[in-house]
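input_7.tsv (TSV, C-alpha atoms)
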```
chain	number	residue	atom	x	y	z
A	142	MET	CA	-28.60	-25.09	-25.96
A	143	SER	CA	-25.71	-24.26	-23.65
A	144	VAL	CA	-22.88	-26.66	-23.05
A	145	VAL	CA	-22.41	-27.65	-19.42
A	146	PRO	CA	-18.72	-27.80	-18.43
A	147	THR	CA	-17.73	-31.20	-16.99
A	148	SER	CA	-14.14	-30.35	-16.05
A	149	PRO	CA	-12.55	-27.62	-13.94
A	150	VAL	CA	-12.33	-24.19	-15.56
A	151	ILE	CA	-9.17	-22.07	-15.25
A	152	GLU	CA	-9.93	-18.37	-15.46
A	153	ARG	CA	-8.47	-14.97	-14.66
A	154	GLY	CA	-10.11	-12.26	-16.70
A	155	THR	CA	-13.89	-12.01	-16.51
A	156	ALA	CA	-16.54	-9.71	-17.95
A	157	ALA	CA	-16.54	-7.85	-14.63
A	158	SER	CA	-12.77	-7.38	-14.71
A	159	ARG	CA	-12.87	-6.00	-18.25
A	160	ILE	CA	-15.55	-3.49	-17.26
A	161	ALA	CA	-13.51	-2.63	-14.16
A	162	ALA	CA	-10.45	-1.89	-16.30
A	163	ILE	CA	-12.43	0.66	-18.31
A	164	ALA	CA	-13.90	2.12	-15.13
A	165	VAL	CA	-10.43	2.51	-13.61
A	166	ALA	CA	-9.23	4.44	-16.67
A	167	VAL	CA	-12.25	6.74	-16.49
A	168	ILE	CA	-11.78	7.32	-12.76
A	169	ILE	CA	-8.12	8.24	-13.24
A	170	VAL	CA	-9.06	10.78	-15.93
A	171	LEU	CA	-11.76	12.27	-13.70
A	172	LEU	CA	-9.32	12.48	-10.79
A	173	ALA	CA	-6.78	14.22	-13.01
A	174	ILE	CA	-9.19	17.04	-13.85
A	175	ALA	CA	-10.85	17.13	-10.42
A	176	PRO	CA	-8.73	20.02	-8.99
A	177	GLN	CA	-10.51	22.39	-11.37
A	178	PHE	CA	-13.76	21.72	-9.50
A	179	LEU	CA	-12.60	20.98	-5.94
A	180	SER	CA	-11.93	23.39	-3.11
A	181	ALA	CA	-8.43	23.76	-1.68
A	182	GLY	CA	-9.36	21.65	1.34
A	183	ALA	CA	-10.82	18.90	-0.85
A	184	VAL	CA	-7.66	18.80	-2.98
A	185	ASP	CA	-5.57	18.33	0.17
A	186	ARG	CA	-7.84	15.55	1.40
A	187	MET	CA	-7.72	13.73	-1.93
A	188	THR	CA	-3.94	13.96	-1.88
A	189	ALA	CA	-4.01	12.29	1.53
A	190	LEU	CA	-6.24	9.53	0.10
A	191	PHE	CA	-3.70	8.83	-2.66
A	192	VAL	CA	-0.97	8.52	-0.05
A	193	TYR	CA	-3.11	6.11	1.99
A	194	VAL	CA	-3.70	3.94	-1.09
A	195	ILE	CA	0.05	3.77	-1.71
A	196	LEU	CA	0.74	2.79	1.90
A	197	ALA	CA	-1.96	0.12	1.94
A	198	ALA	CA	-0.94	-1.34	-1.43
A	199	MET	CA	2.74	-1.54	-0.49
A	200	TRP	CA	2.12	-3.18	2.90
A	201	ASN	CA	-0.38	-5.58	1.31
A	202	ALA	CA	2.16	-6.52	-1.35
A	203	LEU	CA	4.78	-7.24	1.29
A	204	ALA	CA	2.59	-9.07	3.83
A	205	GLY	CA	-0.55	-10.11	1.98
A	206	PHE	CA	1.11	-11.47	-1.15
A	207	GLY	CA	4.67	-12.05	0.07
A	208	GLY	CA	4.01	-13.21	3.62
A	209	LEU	CA	6.53	-10.70	5.04
A	210	VAL	CA	4.62	-9.18	7.95
A	211	SER	CA	6.39	-6.05	9.17
A	212	VAL	CA	5.58	-3.61	11.98
A	213	GLY	CA	8.45	-1.32	11.06
A	214	GLN	CA	7.55	0.04	7.62
A	215	GLN	CA	7.45	3.53	9.14
A	216	VAL	CA	11.23	3.50	8.71
A	217	PHE	CA	10.78	3.97	4.95
A	218	PHE	CA	8.02	6.52	5.40
A	219	GLY	CA	10.29	8.60	7.63
A	220	LEU	CA	13.32	8.17	5.40
A	221	GLY	CA	11.31	9.27	2.37
A	222	ALA	CA	10.55	12.57	4.08
A	223	TYR	CA	14.08	12.90	5.51
A	224	PHE	CA	15.89	12.37	2.21
A	225	ALA	CA	13.52	14.82	0.49
A	226	ILE	CA	14.59	17.42	3.05
A	227	ARG	CA	18.25	16.56	2.56
A	228	LEU	CA	18.14	16.60	-1.26
A	229	ALA	CA	16.21	19.88	-1.36
A	230	ASP	CA	18.72	21.41	1.06
A	231	ALA	CA	21.48	20.31	-1.32
A	232	GLY	CA	19.91	22.42	-4.07
A	233	LEU	CA	17.69	19.93	-5.90
A	234	ASN	CA	14.28	21.19	-7.05
A	235	PRO	CA	11.87	20.26	-4.21
A	236	PHE	CA	9.43	18.49	-6.52
A	237	LEU	CA	12.25	16.42	-8.03
A	238	ALA	CA	13.52	15.75	-4.52
A	239	LEU	CA	10.24	14.01	-3.68
A	240	PHE	CA	10.87	11.30	-6.25
A	241	ALA	CA	14.62	11.22	-5.84
A	242	SER	CA	14.10	10.49	-2.15
A	243	GLY	CA	12.04	7.42	-3.05
A	244	ILE	CA	14.91	6.16	-5.19
A	245	VAL	CA	17.35	6.75	-2.33
A	246	VAL	CA	15.07	4.89	0.08
A	247	GLY	CA	14.88	1.97	-2.35
A	248	ALA	CA	18.67	1.97	-2.61
A	249	VAL	CA	19.04	1.99	1.17
A	250	SER	CA	16.56	-0.86	1.54
A	251	TRP	CA	18.66	-3.12	-0.70
A	252	PRO	CA	21.59	-3.65	1.72
A	253	LEU	CA	19.09	-3.69	4.59
A	254	SER	CA	17.35	-6.63	2.96
A	255	LEU	CA	20.59	-8.64	2.91
A	256	PHE	CA	20.28	-9.42	6.60
A	257	MET	CA	16.63	-8.60	7.39
A	258	LEU	CA	15.34	-11.24	4.95
A	259	LYS	CA	17.28	-13.88	6.82
A	260	LEU	CA	14.71	-13.44	9.59
A	261	ARG	CA	11.33	-15.12	9.45
A	262	ASN	CA	7.87	-14.51	10.83
A	263	GLY	CA	7.90	-12.72	14.19
A	264	GLU	CA	11.65	-12.13	14.06
A	265	PHE	CA	11.29	-10.22	10.81
A	266	ALA	CA	8.31	-8.21	12.10
A	267	ILE	CA	10.05	-7.12	15.31
A	268	GLY	CA	13.39	-6.70	13.57
A	269	MET	CA	11.89	-4.12	11.24
A	270	TRP	CA	10.47	-2.24	14.23
A	271	VAL	CA	13.93	-2.17	15.82
A	272	ILE	CA	15.45	-0.85	12.57
A	273	ALA	CA	12.83	1.89	12.49
A	274	ALA	CA	13.62	2.93	16.08
A	275	LEU	CA	17.38	2.99	15.42
A	276	THR	CA	16.94	4.99	12.21
A	277	HIS	CA	14.81	7.50	14.10
A	278	LEU	CA	17.63	8.03	16.58
A	279	LEU	CA	20.21	8.44	13.80
A	280	VAL	CA	18.09	11.01	11.94
A	281	ASN	CA	17.80	12.99	15.19
A	282	LEU	CA	21.59	13.37	15.19
A	283	ASP	CA	21.53	15.30	11.91
A	284	ARG	CA	22.14	18.98	12.66
A	285	LEU	CA	19.86	20.00	9.81
A	286	VAL	CA	16.96	18.22	11.51
A	287	GLN	CA	17.80	19.64	14.95
A	288	GLY	CA	16.59	16.61	16.86
A	289	GLU	CA	12.88	16.45	17.59
A	290	THR	CA	12.60	20.17	16.86
A	291	GLY	CA	12.58	19.23	13.20
A	292	THR	CA	12.88	21.35	10.10
A	293	SER	CA	10.82	22.30	7.03
A	294	LEU	CA	10.88	21.86	3.28
A	295	ILE	CA	11.12	25.62	2.96
A	296	SER	CA	12.10	25.53	-0.72
A	297	LEU	CA	8.46	24.71	-1.54
A	298	ASN	CA	7.38	28.07	-0.14
A	299	VAL	CA	8.72	29.91	-3.20
A	300	TYR	CA	5.78	28.51	-5.19
A	301	ASP	CA	2.30	29.98	-5.08
A	302	ALA	CA	0.14	28.05	-2.60
A	303	SER	CA	-2.55	27.10	-5.14
A	304	ILE	CA	0.00	25.97	-7.74
A	305	ARG	CA	1.90	24.00	-5.13
A	306	ARG	CA	-1.26	22.31	-3.87
A	307	VAL	CA	-2.42	21.19	-7.31
A	308	THR	CA	1.07	20.09	-8.37
A	309	ILE	CA	1.43	17.91	-5.27
A	310	TYR	CA	-2.05	16.50	-5.96
A	311	TRP	CA	-1.05	15.50	-9.49
A	312	LEU	CA	2.26	14.07	-8.32
A	313	ALA	CA	0.46	11.98	-5.71
A	314	LEU	CA	-2.09	10.78	-8.27
A	315	ALA	CA	0.65	9.91	-10.75
A	316	SER	CA	2.66	8.11	-8.06
A	317	MET	CA	-0.34	6.10	-6.89
A	318	THR	CA	-1.35	5.15	-10.43
A	319	THR	CA	2.18	4.17	-11.46
A	320	LEU	CA	2.90	2.14	-8.33
A	321	LEU	CA	-0.42	0.30	-8.55
A	322	ALA	CA	0.17	-0.42	-12.25
A	323	VAL	CA	3.69	-1.73	-11.58
A	324	LEU	CA	2.50	-3.87	-8.70
A	325	PHE	CA	-0.44	-5.18	-10.73
A	326	GLY	CA	1.82	-6.14	-13.62
A	327	LEU	CA	4.34	-7.75	-11.29
A	328	LEU	CA	1.74	-9.85	-9.50
A	329	ARG	CA	0.15	-11.02	-12.77
A	330	GLY	CA	3.44	-12.34	-14.14
A	331	SER	CA	5.71	-15.23	-13.22
A	332	THR	CA	7.23	-13.16	-10.42
A	333	GLY	CA	3.78	-12.80	-8.87
A	334	ALA	CA	3.32	-16.56	-8.99
A	335	ALA	CA	6.69	-16.95	-7.27
A	336	ILE	CA	5.73	-14.39	-4.61
A	337	ARG	CA	2.53	-16.24	-3.73
A	338	ALA	CA	4.32	-19.59	-3.75
A	339	ILE	CA	6.85	-18.24	-1.23
A	340	ARG	CA	4.01	-16.92	0.93
A	341	ASP	CA	2.25	-20.29	0.97
A	342	ASN	CA	5.34	-22.43	1.58
A	343	GLU	CA	8.82	-21.00	1.24
A	344	ASP	CA	10.62	-24.35	1.39
A	345	ALA	CA	8.33	-25.94	-1.17
A	346	ALA	CA	8.78	-22.93	-3.48
A	347	ALA	CA	12.56	-23.27	-3.27
A	348	SER	CA	12.33	-26.99	-4.02
A	349	VAL	CA	10.66	-26.32	-7.39
A	350	GLY	CA	13.20	-23.73	-8.49
A	351	VAL	CA	11.79	-20.43	-7.20
A	352	ARG	CA	14.51	-17.89	-6.42
A	353	VAL	CA	13.25	-17.25	-2.92
A	354	THR	CA	15.79	-14.70	-1.70
A	355	GLY	CA	15.87	-12.68	-4.91
A	356	THR	CA	12.09	-12.57	-5.19
A	357	LYS	CA	11.63	-11.51	-1.57
A	358	ARG	CA	14.31	-8.84	-1.98
A	359	LEU	CA	12.56	-7.44	-5.07
A	360	LEU	CA	9.28	-7.18	-3.15
A	361	PHE	CA	11.01	-5.69	-0.11
A	362	VAL	CA	12.72	-2.96	-2.17
A	363	LEU	CA	9.55	-2.17	-4.14
A	364	ALA	CA	7.56	-1.75	-0.92
A	365	ALA	CA	10.30	0.45	0.55
A	366	PHE	CA	10.41	2.61	-2.57
A	367	GLY	CA	6.63	3.07	-2.61
A	368	ILE	CA	6.40	3.89	1.08
A	369	GLY	CA	9.35	6.27	0.71
A	370	ILE	CA	7.48	8.12	-2.04
A	371	ALA	CA	4.43	8.27	0.24
A	372	GLY	CA	6.50	9.79	3.04
A	373	ALA	CA	7.95	12.42	0.73
A	374	LEU	CA	4.50	13.32	-0.59
A	375	TRP	CA	3.15	13.63	2.93
A	376	LEU	CA	6.01	15.99	3.74
A	377	ALA	CA	5.12	18.09	0.70
A	378	THR	CA	1.58	18.54	1.98
A	379	SER	CA	2.60	19.43	5.54
A	380	ILE	CA	5.97	21.14	4.82
A	381	THR	CA	7.19	20.49	8.39
A	382	PHE	CA	9.37	17.49	9.21
A	383	GLN	CA	9.55	16.20	12.79
A	384	PRO	CA	11.20	12.78	13.16
A	385	LYS	CA	8.89	11.58	15.95
A	386	THR	CA	5.92	12.14	13.64
A	387	TYR	CA	7.26	10.43	10.54
A	388	PHE	CA	8.97	7.52	12.30
A	389	ASN	CA	5.94	6.85	14.49
A	390	VAL	CA	4.70	3.26	14.50
A	391	GLN	CA	1.18	4.61	13.92
A	392	TRP	CA	1.93	4.70	10.19
A	393	THR	CA	2.44	0.95	10.09
A	394	ALA	CA	-0.64	0.55	12.30
A	395	TYR	CA	-2.62	2.50	9.72
A	396	MET	CA	-1.27	0.29	6.93
A	397	ILE	CA	-2.24	-2.85	8.82
A	398	PHE	CA	-5.70	-1.46	9.58
A	399	MET	CA	-6.38	-0.58	5.94
A	400	VAL	CA	-5.27	-3.97	4.65
A	401	LEU	CA	-7.04	-5.89	7.41
A	402	VAL	CA	-10.33	-4.09	6.82
A	403	GLY	CA	-10.10	-4.14	3.02
A	404	GLY	CA	-8.91	-7.72	2.65
A	405	ILE	CA	-5.34	-8.93	3.01
A	406	GLY	CA	-3.93	-10.72	-0.01
A	407	THR	CA	-6.37	-9.14	-2.48
A	408	PHE	CA	-5.39	-6.35	-4.84
A	409	GLU	CA	-8.74	-4.60	-4.57
A	410	GLY	CA	-8.81	-4.99	-0.78
A	411	ALA	CA	-5.93	-2.61	-0.13
A	412	ILE	CA	-7.60	0.11	-2.20
A	413	LEU	CA	-10.98	-0.43	-0.54
A	414	GLY	CA	-9.37	-0.43	2.91
A	415	ALA	CA	-7.62	2.87	2.19
A	416	VAL	CA	-10.94	4.43	1.15
A	417	VAL	CA	-12.64	3.14	4.31
A	418	PHE	CA	-9.83	4.49	6.50
A	419	PHE	CA	-9.96	7.82	4.67
A	420	LEU	CA	-13.71	8.13	5.30
A	421	ILE	CA	-13.36	7.20	8.98
A	422	GLU	CA	-10.57	9.74	9.44
A	423	THR	CA	-12.55	12.43	7.62
A	424	TRP	CA	-15.67	11.91	9.70
A	425	PHE	CA	-14.22	11.00	13.10
A	426	GLY	CA	-10.62	12.23	13.02
A	427	GLY	CA	-11.47	15.13	15.31
A	428	ALA	CA	-12.69	12.84	18.10
A	429	GLY	CA	-9.25	12.68	19.66
A	430	VAL	CA	-8.34	9.53	21.56
A	431	TRP	CA	-11.75	7.99	20.87
A	432	TYR	CA	-10.86	8.00	17.18
A	433	LEU	CA	-7.87	5.73	17.88
A	434	VAL	CA	-9.96	3.55	20.20
A	435	GLY	CA	-12.52	3.20	17.43
A	436	LEU	CA	-9.87	2.15	14.92
A	437	GLY	CA	-8.57	-0.48	17.29
A	438	ALA	CA	-12.04	-1.82	18.06
A	439	THR	CA	-12.88	-1.96	14.35
A	440	ALA	CA	-9.69	-3.91	13.62
A	441	VAL	CA	-10.51	-6.43	16.37
A	442	LEU	CA	-14.08	-6.89	15.11
A	443	PHE	CA	-12.89	-7.49	11.57
A	444	SER	CA	-10.33	-10.01	12.80
A	445	LEU	CA	-13.04	-11.92	14.65
A	446	PHE	CA	-15.97	-11.77	12.26
A	447	LEU	CA	-14.56	-10.84	8.83
A	448	PRO	CA	-11.03	-12.27	8.81
A	449	ARG	CA	-10.81	-11.95	5.02
A	450	GLY	CA	-11.81	-8.29	5.13
A	451	LEU	CA	-14.51	-6.53	3.13
A	452	TRP	CA	-13.29	-7.38	-0.33
A	453	GLY	CA	-12.21	-10.88	0.61
A	454	THR	CA	-15.70	-11.58	1.92
A	455	ILE	CA	-17.35	-10.09	-1.18
A	456	GLU	CA	-15.08	-12.13	-3.43
A	457	GLU	CA	-15.78	-15.32	-1.50
A	458	ARG	CA	-19.53	-14.76	-1.36
A	459	PHE	CA	-20.20	-13.54	-4.90
A	460	GLY	CA	-17.11	-14.62	-6.84
A	461	LEU	CA	-16.58	-11.00	-7.94
A	462	ARG	CA	-13.05	-10.27	-9.17
A	463	LEU	CA	-12.45	-6.79	-10.59
A	464	LEU	CA	-8.65	-6.67	-10.69
A	465	PRO	CA	-7.53	-10.32	-10.70
A	466	VAL	CA	-3.80	-10.93	-10.47
A	467	GLY	CA	-3.88	-14.74	-10.44
A	468	TYR	CA	-5.81	-17.59	-11.97
A	469	ARG	CA	-8.75	-19.29	-10.32
A	470	VAL	CA	-9.87	-22.89	-10.58
A	471	LYS	CA	-13.64	-23.29	-10.73
A	472	LEU	CA	-15.19	-26.72	-10.33
A	473	PRO	CA	-18.29	-27.69	-12.32
A	474	GLY	CA	-21.37	-26.45	-10.50
A	475	ASN	CA	-24.98	-25.70	-11.23
A	476	PRO	CA	-25.41	-25.71	-15.05
A	477	ALA	CA	-27.81	-22.80	-14.77
A	478	ALA	CA	-25.52	-20.69	-12.63
A	479	PRO	CA	-23.52	-17.83	-14.16
A	480	ALA	CA	-19.76	-18.09	-14.55
A	481	ASP	CA	-19.08	-16.06	-11.40
A	482	ASP	CA	-21.84	-17.40	-9.16
A	483	ALA	CA	-21.33	-17.59	-5.42
A	484	PRO	CA	-21.53	-21.41	-5.06
A	485	ALA	CA	-18.78	-21.86	-7.60
A	486	ALA	CA	-16.69	-19.20	-5.95
A	487	ARG	CA	-16.98	-20.95	-2.60
A	488	GLN	CA	-15.53	-24.10	-4.10
A	489	THR	CA	-12.21	-22.40	-4.69
A	490	THR	CA	-9.32	-22.81	-2.29
A	491	PRO	CA	-8.85	-20.39	0.64
A	492	HIS	CA	-6.47	-18.25	-1.41
A	493	GLN	CA	-8.62	-17.07	-4.32
A	494	GLU	CA	-5.67	-15.72	-6.31
A	495	LYS	CA	-3.62	-18.68	-7.52
A	496	ALA	CA	-0.42	-18.84	-9.48
```

Structure encoded using structure tokens:
Amino acid sequence: MSVVPTSPVIERGTAASRIAAIAVAVIIVLLAIAPQFLSAGAVDRMTALFVYVILAAMWNALAGFGGLVSVGQQVFFGLGAYFAIRLADAGLNPFLALFASGIVVGAVSWPLSLFMLKLRNGEFAIGMWVIAALTHLLVNLDRLVQGETGTSLISLNVYDASIRRVTIYWLALASMTTLLAVLFGLLRGSTGAAIRAIRDNEDAAASVGVRVTGTKRLLFVLAAFGIGIAGALWLATSITFQPKTYFNVQWTAYMIFMVLVGGIGTFEGAILGAVVFFLIETWFGGAGVWYLVGLGATAVLFSLFLPRGLWGTIEERFGLRLLPVGYRVKLPGNPAAPADDAPAARQTTPHQEKA
């Protein structure tokens, strides 16, 4: 005879999340050996998918979990590619330069955060866009870049094309896995609780002892570092660097689209959104301007009819949580219902992931 709970249940890990953890490990192993069975074109496309996941996860961490909505994250994407060019030109191994550039971008973002984080809401969003535009202009002044003519990461050309392609694939996979693991661990700890508290009410969080500025700065720098790595990896796949391409606001638009479609404020949503965007680009990317029109229309439809995105809606409807980063309070429901039934899930607060 089962015991019917009469008080709220606090949970984080579930049977589904434990199975998901095993599945994630298996998927990573399969992805690591996949280049042996994939064509050259497929390897390049999978590398692009890993970059998209990084971009979506970093923007979701900043805006979805931290409440720092930015439309200027392309500044870090462009700087990641630019510093990789600069470091390689200085004699550093090009593959090492890809990661070193991410570190440099993170270092640059630290002083930038000192005044940018004083801005709130729309001021912060537009302020980041202005910083991106100014940085674009400054990079154009570098004689190595030659303005909008651009330059190339020519030091990569000394490697055999097949070896270079697979190496970049593995570096992108390793970067994606590491960044997601770091972000997952951060959000599951006390810092993650502080991040979500700041998102929900910054003043209230400060009143209970949360280090608001320090926590926001940590999230800001982490997002910059991750997006910088993504920019460097994208450069490695294309070789050519043109400032107007890498500092284009379309990169932030893509990040917003992926997170909006997948589910803002959910860890799984950013990954799902990146996969959806990747599939749309693969199937319809050659449609020219209609491809961009379709992306915009899709974003509007999701905003109107699925404001919580695909994963947010699934989580709300079925109570499914594969990679939970916070605790959830479940009120007593139907005694016969399973632990993760939909009625119980709908009794949770609007933000499913709680501190």

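You can rank A:Gly232, A:Gly467, A:Gly288, A:Gly213 by their closest distance to A:Gly263 using only C-alpha atoms, and at the top of that list sits A:Gly213.
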
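Minimum atom-to-atom distance to A:Asp283, evaluated using all atoms listed in the file, belongs to A:Ile226 out of A:Ala204, A:Val434, A:Ala157, A:Ile226.
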
- Task: Just give me the gap between atom CA of A:Val299 and atom CA of A:Tyr223 in Å, one decimal is fine.
- Result: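 It comes out at 19.8 Å.
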
Pairwise distance for atom CA of A:Lys471 and atom CA of A:Val150, rounded to one decimal in Å: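 Atom-to-atom, atom CA of A:Lys471 to atom CA of A:Val150, that is 5.1 Å.
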
Fill in: Between atom CA of A:Arg337 and atom CA of A:Leu442, distance in Å (one decimal)
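Atom-to-atom, atom CA of A:Arg337 to atom CA of A:Leu442, that is 26.8 Å.
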
List the spatial neighbours of A:Leu258 as a list in words - criterion: any atom at most 8 Å away, all atoms listed in the file, same-chain residues fewer than 3 positions off excluded. Ser254, Leu255, Arg261, Phe265, Thr354, Lys357 and Arg358 of chain A

Exercise. Just give me the residues with any atom within 9 Å of (2.4, 13.8, 0.3), file coordinates, counting only C-alpha atoms, written as a list in words.
Key: Thr188, Ala189, Phe191, Val192, Leu239, Ile309, Tyr310, Leu312, Ala313, Ile370, Ala371, Gly372, Ala373, Leu374, Trp375, Leu376, Ala377, Thr378 and Ser379 of chain A

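Distances to A:Ala173 were evaluated for A:Ala346, A:Ala315, A:Ala415, A:Gln214 using only C-alpha atoms, and the minimum falls at A:Ala315.
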
(Q) With distances taken over all atoms listed in the file, which residue among A:Gly247, A:Gly154, A:Gly403, A:Gly221 lies nearest A:Tyr387? (A)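 Looking at the shortest contact to A:Tyr387, the residue is A:Gly221.
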
Surrounding residues of A:Val417 excluding itself and chain neighbours under 5 positions, 10 Å, only C-alpha atoms, as a short mmCIF file (atom, residue, chain, number, x, y, z; two decimals) with C-alpha atoms, keeping the file's coordinate frame:
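Just written: result38.cif:
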```cif
data_model
loop_
_atom_site.label_atom_id
_atom_site.label_comp_id
_atom_site.auth_asym_id
_atom_site.auth_seq_id
_atom_site.Cartn_x
_atom_site.Cartn_y
_atom_site.Cartn_z
CA LEU A 190 -6.24 9.53 0.10
CA PHE A 398 -5.70 -1.46 9.58
CA MET A 399 -6.38 -0.58 5.94
CA VAL A 402 -10.33 -4.09 6.82
CA GLY A 403 -10.10 -4.14 3.02
CA ALA A 411 -5.93 -2.61 -0.13
CA ILE A 412 -7.60 0.11 -2.20
CA GLU A 422 -10.57 9.74 9.44
CA THR A 423 -12.55 12.43 7.62
CA LEU A 451 -14.51 -6.53 3.13
#
```

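Counting all atoms listed in the file, the residue from A:Thr276, A:Val430, A:Phe382, A:Phe218 that sits nearest to A:Ile195 is A:Phe218.
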
Worksheet item: So which one's closest to A:Gly333, A:Ala241, A:Leu297, A:Ala273, A:Leu360? Using all atoms listed in the file, please.
Response: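 Using all atoms listed in the file, A:Gly333 sits closest to A:Leu360.
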
For A:Asn389, please output as number ranges by chain all residues within 9 Å (counting all atoms listed in the file; exclusion window: fewer than 6 positions along the same chain).
A: 215-216, 219, 273-274, 277

Residues at most 12 Å from A:Ala347, counting only C-alpha atoms, excluding those fewer than 5 positions away in the same chain, as a count of residues only?
13
